[in-house]
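Taking it in order: structure first as structure tokens, then the write-up.
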Amino acid sequence: MTLRNLTQPEYLPQPTDPRDGLQGLFAVMHSFLGSVQSNPFPDFLSRLIKREISYTSPDFYKQVLVYQAGFLVCIIIGILFIILMPLVGLCFCCCRCCGNCGGRMYQKQEKSTGCRRRAFFASVLVVTIILLAGDICAYVSNNRLSQNVDKSFSAFNNTMDNLHIFLHSIPQEVDFIIDSSSVPIQETNASLLDIGKGLGGKIVNQLRGRADSLLNTAEQLLKVIGIAEQELQNVNKSASRLQKLQEELAANLTTLSDDINKTLHSCGDSCKDVSVEGLAVVTNFSMVPDVQHPLELITNVTRLNLSATLVEANDTLNKIPEKVSEQAKDVASEGQAQLDGIKEKIATFRSSLPILDTLGNVSEFLGDITKKAGTYEPDIKTYDGYRRIVGICLCCLVLLIIVLNALGLLCGALGLDTRTPPTKRGCLSNSGGDFLMASVGFSFIFAWLLMLLVLLTFLVGGNIYTLVCRPWATGHLLKFLETPGLFTESNLLSSLGMKDSNVTLTSLYEGCRNNDALWNTLHLGETVALDDILNISKYTQDIDSTLNKLNISVNSTEFLTDNQMRSLRDLNINGSLNLNFTGALQQINQNMTQKDLSALAEQLDKLADKNTQNLNSSIWQLNTSLPQIQELVNSILTQGEAFKTFMTEHLNKVVKNATFNFVHDVLGYFEMYLDWVKNTITGEVARCGPVAGTFDAADTIVCSYIVDVWNAFWFSLGWCTIFLLPSVILAVRLAKFYRRMRMDDVYEYPELENEATKSIQNAPARNEEVVAPFQLIYLSGTEDDNEFYTTPGLLFPMWIMSVSI
């Protein structure tokens with residue numbers, strides 16, 4: 001009997017982790033959040049939900065503050081940044097308006113000026129590249145978040161569809177198991193219809209072991225007896241013929257000897273050396289034993305037609321199935337009528353699984369969730385569109401600062417001519433410095449806003465990651481959810497109509513992740529007695545009683561009659577077949593005469609050749625077959641007596657054993673089916689991989705699709721915001737090297753330099769150009785040149801000095 005394997009349903013693909021290209025960013029972000037929040041999952045949440053602690057309790061606040069210490073530090077830093085950045089920018093602006101903080105258009109020239117300019121240029125370039133990388137990551141994360149929001153709904157729908165497929169497949173699989181009961185029922189029906197071949201065949205098979213051996217032995221005996229009978233007849237005929245020929249030869253040799261002696265006597269002395277003594281027949285064929293008696297014994301056996309008796313006995317065995325079919329017809333019909341009742345009893349198995357009754361409610365509940373989630377999809381996508389626009393605007397603000405830095409570096413580097421005095425710097429170089437100062441201004445304007453948004457998104461995304469995603473990945477969230485007393489129905493099976501079970505969310509997830517059957521995952525064996533439900537006696541009791549009514553009678557079969565047995569015994573009485581052909585063979589193998597007379601020997605050979613050859617062949621064949629006859633006769637007599645005794649004493653037992661085996665085989669179909677049902681239910685039905693897939697899909701949608709990308713966005717934006725500080729400082733310092741100055745600062749004599757410096761410091765801060773009283777300008781424009789010329793403003797002071805000297 002072959003039962004089909006259970007076909008597992010096909011599920012929609014599960015959502016995959018969309019981290020392509022952003023693994024490094026996510027790793028750094030996770031490391032940062034791990035540093036900020038290194039505490040384990042808080043236990044005060046469960047106590048708060050169970051109302052063991054009040055949210056107004058000071059102890060509760062203390063625990064929260066201790067747990068959120070890392071976030072509090074970040075909040076303080078963020079708030080300080082938000083407050084101080086605009087204040088510092090305002091102070092910086094006022095300071096520059098007052099001619100301080102680099103606001104005075106004067107640059108002191110030193111030998112290290114070029115090296116400092118290059119160092120500031122490289123630093124601003126590096127910071128700008130870092131800002132650009134962060135802005136790109138923020139832009140990619142912003143777009144990826146919108147894409148993931150769109151994919152989340154399809155992934156959610158696929159996950160819910162998989163759950164529906166899983167829940168709907170369970171009753172279908174149970175129905176398949178119940179419908180498969182038609183296989184043993186059909187096999188049983190076929191066995192009852194062909195009960196003659198089934199039961200009768202078993203009886204014949206048990207008799208055939210002995211009967212076939214007896215038949216084979218009898219067949220060999222008949223074959224050997226036939227050969228022996230033919231050879232004995234040949235020996236009898238050949239021996240009689242040769243004895244007659246021997247007598248004729250002896251008479252002829254006597255006459256010939258007399259004639260030769262007369263001739264030799266008449267020949268005289270010349271023939272006296274010739275003698276015919278010994279011219280006589282040496283061979284004595286009377287030594288061939290008499291085979292008449294053995295031939296009669298064998299002929300008596302063949303006359304009893306042993307082969308016909310064996311054929312009749314064999315036919316009797318072959319007709320047993322037909323007789324069994326006739327005798328068991330009523331019982332078979334009654335058993336067939338009871339098969340429908342067995343199918344109805346098997347169909348009641350469905351009601352023994354209480355979990356099937358709750359699957360409809362669970363499926364309906366999931367359908368309501370799917371519909372409700374679908375109603376929020378348009379609004380969520382709309383708001384996500386607004387969020388994406390805001391994100392792009394923020395990225396554009398950072399990009400504006402990056403572009404201004406880049407333009408400042410580009411214009412400053414291309415427009416600066418180191419041979420030109422600071423007061424004569426070109427428009428392109430001056431524009432580079434202006435771009436850098438514009439970058440500084442926009443940084444002060446928008447940095448606090450960026451930090452405010454980063455702080456808000458950080459608090460939301462960081463806490464979701466540390467309180468939901470990270471515990472979800474480590475399994476602590478499931479342990480938290482299965483805390484006793486946390487929810488009204490903390491026991492999973494209680495909500496499914498099952499009681500007194502210790503199944504937890506963790507064990508459920510672990511079992512379903514291995515795609516185990518729901519029976520083992522939910523430990524249904526603890527509440528449902530499957531062995532009692534699948535007890536074979538509950539389903540086959542009636543048909544078992546019916547089949548036990550079988551009363552089959554088989555007539556005894558005789559393979560050998562008494563006369564045949566008596567004739568076979570006669571063959572072994574007093575060595576009837578023990579014939580000694582040794583002397584006959586010796587006589588046959590020697591010469592017919594003692595004297596070698598060629599012509600006479602040739603005639604004698606021609607005369608005796610044919611008969612002696614036949615006799616010799618027959619004797620040798622009899623030497624082989626006669627011992628076989630005795631051996632086969634002994635064997636067939638022993639087997640015949642044993643078979644007769646077996647049929648007399650054990651035939652009824654054979655019939656009963658065959659009937660018992662037939663009933664056992666018929667019931668074995670149902671036993672095999674029920675074993676298959678047990679193995680299928682405990683190992684194949686309701687493989688709950690989709691349940692674990694739902695957990696994993698929720699983790700992927702919430703954490704990988706949304707939270708990780710959300711955190712990557714604020715992390716990238718915060719990265720850019722932090723690096724705006726060095727960008728501001730370095731841009732201000734570098735802008736001084738590109739902007740056009742209004743005063744030069746190169747002196748040949750230190751005392752003049754000191755006096756010029758004091759004059760510059762005492763000069764009023766106004767927009768008109770102020771010329772130092774002792775201002776020296778490079779002739780060649782390089783810092784290392786020693787040739788100078790004086791501006792007109794220095795002519796009068798120098799004349800005064802010369803006069804005084």
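Letters for chains follow the order of the structure tokens (A, B, ...), residue numbers begin at 1 for each chain, and ligand numbers begin at 1 in the order shown.
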Name all residues at most 7 Å from A:Leu632 (count only C-alpha atoms; drop same-chain ones fewer than 3 positions away) and give them as an mmCIF file with C-alpha atoms, in the first residue's frame.
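Okay, around18.cif is ready:
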```
data_model
loop_
_atom_site.group_PDB
_atom_site.id
_atom_site.type_symbol
_atom_site.label_atom_id
_atom_site.label_comp_id
_atom_site.auth_asym_id
_atom_site.auth_seq_id
_atom_site.Cartn_x
_atom_site.Cartn_y
_atom_site.Cartn_z
ATOM 1 C CA THR A 217 11.097 -35.882 -6.113
ATOM 2 C CA LEU A 221 11.706 -40.752 -9.794
ATOM 3 C CA GLN A 628 19.116 -43.263 -7.840
ATOM 4 C CA ILE A 629 15.840 -45.154 -7.908
ATOM 5 C CA SER A 635 12.898 -39.943 -0.268
ATOM 6 C CA ILE A 636 9.440 -40.049 -1.825
#
```
Name all residues at most 8 Å from A:Ile320 (count only C-alpha atoms; drop same-chain ones fewer than 4 positions away) and give them as a list in words.
-> Gly196, Gly200, Gly201, Ile203, Val204, Thr316, Val324 and Val554 of chain A
Restrict the selected residues to C-alpha atoms and save them as a short mmCIF file (atom, residue, chain, number, x, y, z; two decimals), in the first residue's frame.
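part.cif, written as the output of this step:
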```cif
data_model
loop_
_atom_site.label_atom_id
_atom_site.label_comp_id
_atom_site.auth_asym_id
_atom_site.auth_seq_id
_atom_site.Cartn_x
_atom_site.Cartn_y
_atom_site.Cartn_z
CA GLY A 196 -9.90 -16.60 -2.70
CA GLY A 200 -6.53 -19.36 -0.45
CA GLY A 201 -3.14 -18.34 -1.76
CA ILE A 203 -3.10 -21.74 2.45
CA VAL A 204 -1.62 -23.02 -0.80
CA THR A 316 -6.52 -30.16 -5.96
CA VAL A 324 -12.04 -20.52 -0.23
CA VAL A 554 -9.91 -27.66 2.99
#
```
Excluding same-chain residues fewer than 6 positions from A:Lys197, what lies within 12 Å of it counting only C-alpha atoms, as a list in words?
->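 Selected residues are Ala190, Ser191, Ile203, Val204, Asn205, Asn318, Lys319, Ile320, Pro321, Glu322, Lys323, Val324, Ser325, Glu326, Ala328, Ala658 and Phe662 of chain A.
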Residues from last step as file, all heavy atoms, as a compact mmCIF listing (two decimals), in the first residue's frame:
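Once written, out29.txt looks like this:
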```
# COMPACT_ATOMS: atom_id res chain seq x y z
N ALA A 190 -10.42 -4.55 -2.08
CA ALA A 190 -9.84 -5.42 -3.10
C ALA A 190 -9.46 -6.77 -2.51
O ALA A 190 -9.64 -7.81 -3.16
CB ALA A 190 -8.60 -4.74 -3.71
N SER A 191 -8.97 -6.78 -1.28
CA SER A 191 -8.62 -8.05 -0.64
C SER A 191 -9.86 -8.90 -0.38
O SER A 191 -9.82 -10.13 -0.54
CB SER A 191 -7.89 -7.79 0.68
OG SER A 191 -6.68 -7.10 0.46
N ILE A 203 -3.01 -20.32 2.10
CA ILE A 203 -3.10 -21.74 2.45
C ILE A 203 -2.25 -22.56 1.49
O ILE A 203 -1.48 -23.45 1.90
CB ILE A 203 -4.57 -22.20 2.41
CG1 ILE A 203 -5.38 -21.45 3.48
CG2 ILE A 203 -4.65 -23.70 2.63
CD1 ILE A 203 -6.87 -21.73 3.43
N VAL A 204 -2.38 -22.27 0.20
CA VAL A 204 -1.62 -23.02 -0.80
C VAL A 204 -0.12 -22.82 -0.59
O VAL A 204 0.67 -23.76 -0.71
CB VAL A 204 -2.05 -22.58 -2.21
CG1 VAL A 204 -1.12 -23.18 -3.27
CG2 VAL A 204 -3.48 -22.99 -2.48
N ASN A 205 0.28 -21.60 -0.27
CA ASN A 205 1.70 -21.33 -0.07
C ASN A 205 2.27 -22.12 1.08
O ASN A 205 3.42 -22.57 1.03
CB ASN A 205 1.93 -19.82 0.16
CG ASN A 205 1.70 -19.00 -1.08
OD1 ASN A 205 1.80 -19.51 -2.20
ND2 ASN A 205 1.38 -17.72 -0.91
N ASN A 318 -4.38 -26.42 -6.44
CA ASN A 318 -4.65 -25.19 -7.20
C ASN A 318 -6.11 -24.76 -7.10
O ASN A 318 -6.42 -23.58 -7.32
CB ASN A 318 -4.28 -25.40 -8.68
CG ASN A 318 -2.78 -25.55 -8.87
OD1 ASN A 318 -1.99 -25.04 -8.07
ND2 ASN A 318 -2.38 -26.26 -9.92
N LYS A 319 -6.99 -25.63 -6.77
CA LYS A 319 -8.41 -25.29 -6.65
C LYS A 319 -8.79 -24.79 -5.25
O LYS A 319 -9.94 -24.42 -5.03
CB LYS A 319 -9.27 -26.51 -7.01
CG LYS A 319 -9.21 -26.88 -8.48
CD LYS A 319 -10.07 -28.10 -8.77
CE LYS A 319 -10.01 -28.45 -10.25
NZ LYS A 319 -10.83 -29.66 -10.56
N ILE A 320 -7.82 -24.79 -4.33
CA ILE A 320 -8.11 -24.32 -2.97
C ILE A 320 -8.60 -22.87 -2.97
O ILE A 320 -9.58 -22.54 -2.29
CB ILE A 320 -6.89 -24.51 -2.06
CG1 ILE A 320 -6.68 -26.01 -1.78
CG2 ILE A 320 -7.04 -23.75 -0.75
CD1 ILE A 320 -5.45 -26.32 -0.94
N PRO A 321 -7.93 -21.90 -3.68
CA PRO A 321 -8.45 -20.52 -3.69
C PRO A 321 -9.89 -20.41 -4.15
O PRO A 321 -10.67 -19.62 -3.59
CB PRO A 321 -7.50 -19.80 -4.66
CG PRO A 321 -6.23 -20.58 -4.59
CD PRO A 321 -6.66 -22.00 -4.43
N GLU A 322 -10.26 -21.21 -5.13
CA GLU A 322 -11.65 -21.16 -5.60
C GLU A 322 -12.62 -21.63 -4.52
O GLU A 322 -13.69 -21.02 -4.32
CB GLU A 322 -11.77 -22.04 -6.85
CG GLU A 322 -13.15 -22.01 -7.49
CD GLU A 322 -13.21 -22.86 -8.74
OE1 GLU A 322 -12.14 -23.31 -9.22
OE2 GLU A 322 -14.33 -23.09 -9.24
N LYS A 323 -12.23 -22.69 -3.81
CA LYS A 323 -13.10 -23.17 -2.74
C LYS A 323 -13.18 -22.16 -1.60
O LYS A 323 -14.25 -21.95 -1.01
CB LYS A 323 -12.58 -24.51 -2.22
CG LYS A 323 -12.67 -25.64 -3.23
CD LYS A 323 -12.13 -26.94 -2.64
CE LYS A 323 -12.26 -28.09 -3.65
NZ LYS A 323 -11.73 -29.36 -3.09
N VAL A 324 -12.04 -21.53 -1.29
CA VAL A 324 -12.04 -20.52 -0.23
C VAL A 324 -12.93 -19.35 -0.60
O VAL A 324 -13.69 -18.83 0.24
CB VAL A 324 -10.59 -20.04 0.05
CG1 VAL A 324 -10.58 -18.83 0.97
CG2 VAL A 324 -9.78 -21.18 0.67
N SER A 325 -12.86 -18.92 -1.84
CA SER A 325 -13.69 -17.80 -2.30
C SER A 325 -15.17 -18.13 -2.17
O SER A 325 -15.98 -17.27 -1.77
CB SER A 325 -13.34 -17.46 -3.75
OG SER A 325 -14.15 -16.41 -4.22
N GLU A 326 -15.52 -19.34 -2.46
CA GLU A 326 -16.92 -19.74 -2.36
C GLU A 326 -17.38 -19.79 -0.89
O GLU A 326 -18.48 -19.34 -0.56
CB GLU A 326 -17.10 -21.11 -3.01
CG GLU A 326 -18.53 -21.62 -3.02
CD GLU A 326 -19.44 -20.78 -3.91
OE1 GLU A 326 -18.93 -20.12 -4.84
OE2 GLU A 326 -20.66 -20.77 -3.68
N ALA A 328 -16.05 -18.08 1.68
CA ALA A 328 -15.95 -16.80 2.39
C ALA A 328 -16.77 -15.70 1.72
O ALA A 328 -16.61 -14.53 2.06
CB ALA A 328 -14.48 -16.37 2.46
N ALA A 658 -3.41 -19.27 8.17
CA ALA A 658 -3.58 -18.49 6.95
C ALA A 658 -4.72 -17.49 7.11
O ALA A 658 -4.63 -16.33 6.65
CB ALA A 658 -3.85 -19.41 5.77
N PHE A 662 -4.35 -13.51 7.01
CA PHE A 662 -5.16 -12.73 6.07
C PHE A 662 -5.87 -11.58 6.80
O PHE A 662 -5.85 -10.43 6.35
CB PHE A 662 -6.19 -13.63 5.38
CG PHE A 662 -7.16 -12.89 4.52
CD1 PHE A 662 -6.79 -12.44 3.26
CD2 PHE A 662 -8.45 -12.61 4.97
CE1 PHE A 662 -7.68 -11.74 2.47
CE2 PHE A 662 -9.34 -11.92 4.18
CZ PHE A 662 -8.96 -11.48 2.92
```
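The space separating atom CA of A:Asn563 from atom CA of A:Asn305 comes to 10.8 Å.
Using only C-alpha atoms, the residues found no farther than 12 Å from A:Val140, other than those of its own chain fewer than 2 positions away, are Arg19, Asp20, Gly21, Leu22, Leu25, Ala133, Gly134, Asp135, Ile136, Cys137, Ala138, Asn142, Asn143, Arg144, Leu145, Ser146, Gln147, Asn148, Arg388, Gly391, Ile392, Cys395, Val709, Trp710, Ala712, Phe713, Trp714, Ser716 and Leu717 of chain A.
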What are the closest atom pairs, with distances in Å to one decimal, for each residue of stretch 636-716 of chain A lying within 12 Å of stretch 539-553 of chain A, using only C-alpha atoms, rows by chain and rising residue number, as a Markdown table?
```
| residue | atom | partner | partner_atom | distance |
| --- | --- | --- | --- | --- |
| A:Leu651 | CA | A:Ser553 | CA | 9.0 |
| A:Asn652 | CA | A:Ser553 | CA | 7.5 |
| A:Lys653 | CA | A:Ser553 | CA | 10.7 |
| A:Val654 | CA | A:Ser553 | CA | 10.4 |
| A:Val655 | CA | A:Ile552 | CA | 6.8 |
| A:Lys656 | CA | A:Ile552 | CA | 8.0 |
| A:Asn657 | CA | A:Ile552 | CA | 11.0 |
| A:Ala658 | CA | A:Ile552 | CA | 9.8 |
| A:Thr659 | CA | A:Leu550 | CA | 7.3 |
| A:Phe660 | CA | A:Asn548 | CA | 8.1 |
| A:Asn661 | CA | A:Asn548 | CA | 11.2 |
| A:Phe662 | CA | A:Leu547 | CA | 9.0 |
| A:Val663 | CA | A:Leu547 | CA | 6.4 |
| A:His664 | CA | A:Asp544 | CA | 9.0 |
| A:Asp665 | CA | A:Asp544 | CA | 11.3 |
| A:Val666 | CA | A:Asp544 | CA | 9.0 |
| A:Leu667 | CA | A:Thr540 | CA | 7.2 |
| A:Gly668 | CA | A:Thr540 | CA | 10.2 |
| A:Tyr669 | CA | A:Thr540 | CA | 10.5 |
| A:Phe670 | CA | A:Thr540 | CA | 7.8 |
| A:Glu671 | CA | A:Thr540 | CA | 9.4 |
| A:Tyr673 | CA | A:Tyr539 | CA | 11.5 |
| A:Leu674 | CA | A:Tyr539 | CA | 10.0 |
```
File of the preceding selection, C-alpha atoms, as a PDB file, in the first residue's frame:
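Saved file out-v5.pdb follows:
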```pdb
ATOM      1  CA  LEU A 651      -4.196 -29.000   7.868  1.00  0.00           C
ATOM      2  CA  ASN A 652      -6.711 -27.274  10.130  1.00  0.00           C
ATOM      3  CA  LYS A 653      -3.912 -25.373  11.852  1.00  0.00           C
ATOM      4  CA  VAL A 654      -2.553 -24.276   8.485  1.00  0.00           C
ATOM      5  CA  VAL A 655      -5.978 -22.976   7.494  1.00  0.00           C
ATOM      6  CA  LYS A 656      -6.362 -21.123  10.783  1.00  0.00           C
ATOM      7  CA  ASN A 657      -2.906 -19.570  10.501  1.00  0.00           C
ATOM      8  CA  ALA A 658      -3.584 -18.487   6.949  1.00  0.00           C
ATOM      9  CA  THR A 659      -6.932 -17.012   8.003  1.00  0.00           C
ATOM     10  CA  PHE A 660      -5.274 -15.185  10.893  1.00  0.00           C
ATOM     11  CA  ASN A 661      -2.551 -13.820   8.592  1.00  0.00           C
ATOM     12  CA  PHE A 662      -5.162 -12.727   6.074  1.00  0.00           C
ATOM     13  CA  VAL A 663      -7.129 -10.855   8.737  1.00  0.00           C
ATOM     14  CA  HIS A 664      -3.901  -9.360  10.052  1.00  0.00           C
ATOM     15  CA  ASP A 665      -2.938  -8.193   6.564  1.00  0.00           C
ATOM     16  CA  VAL A 666      -6.363  -6.639   6.020  1.00  0.00           C
ATOM     17  CA  LEU A 667      -6.232  -4.842   9.350  1.00  0.00           C
ATOM     18  CA  GLY A 668      -2.600  -4.008   8.628  1.00  0.00           C
ATOM     19  CA  TYR A 669      -3.749  -1.624   5.892  1.00  0.00           C
ATOM     20  CA  PHE A 670      -5.513   0.460   8.523  1.00  0.00           C
ATOM     21  CA  GLU A 671      -2.656   0.098  10.975  1.00  0.00           C
ATOM     22  CA  TYR A 673      -2.567   4.177   7.479  1.00  0.00           C
ATOM     23  CA  LEU A 674      -2.944   5.224  11.117  1.00  0.00           C
TER      24      LEU A 674
END
```
Separation of atom CA of A:Phe480 from atom CA of A:Phe44 in Å |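 A separation of 10.9 Å between them.
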From stretch 21-141 of chain A, collect each residue whose DSSP state is alpha helix (DSSP H) and return the set as a ChimeraX atom specification.
-> /A:23-36,44-49,58-67,69-97,113-141
List the neighbours of A:Thr7 out to 12 Å using only C-alpha atoms; skip same-chain residues closer than 3 positions along the sequence, and give me the result as a PyMOL selection string.
-> chain A and resi 4+10+169-170+172-174+176-177+680+684-687
Contacts of A:Gly432 at 6 Å (only C-alpha atoms; same-chain gap of 6+ positions) as a ChimeraX atom specification | /A:408,411-412
Those residues you just picked out, can you put them in a file as a compact mmCIF listing (two decimals), in the first residue's frame with C-alpha atoms?
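Just written: out.txt:
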```
# COMPACT_ATOMS: atom_id res chain seq x y z
CA GLY A 408 35.99 79.17 -2.30
CA CYS A 411 38.44 80.35 -6.92
CA GLY A 412 40.97 81.05 -4.20
```
One-decimal distance in Å that lies between atom CA of A:Val691 and atom CA of A:Arg513 =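 Atom CA of A:Val691 lies at a distance of 8.0 Å from atom CA of A:Arg513.
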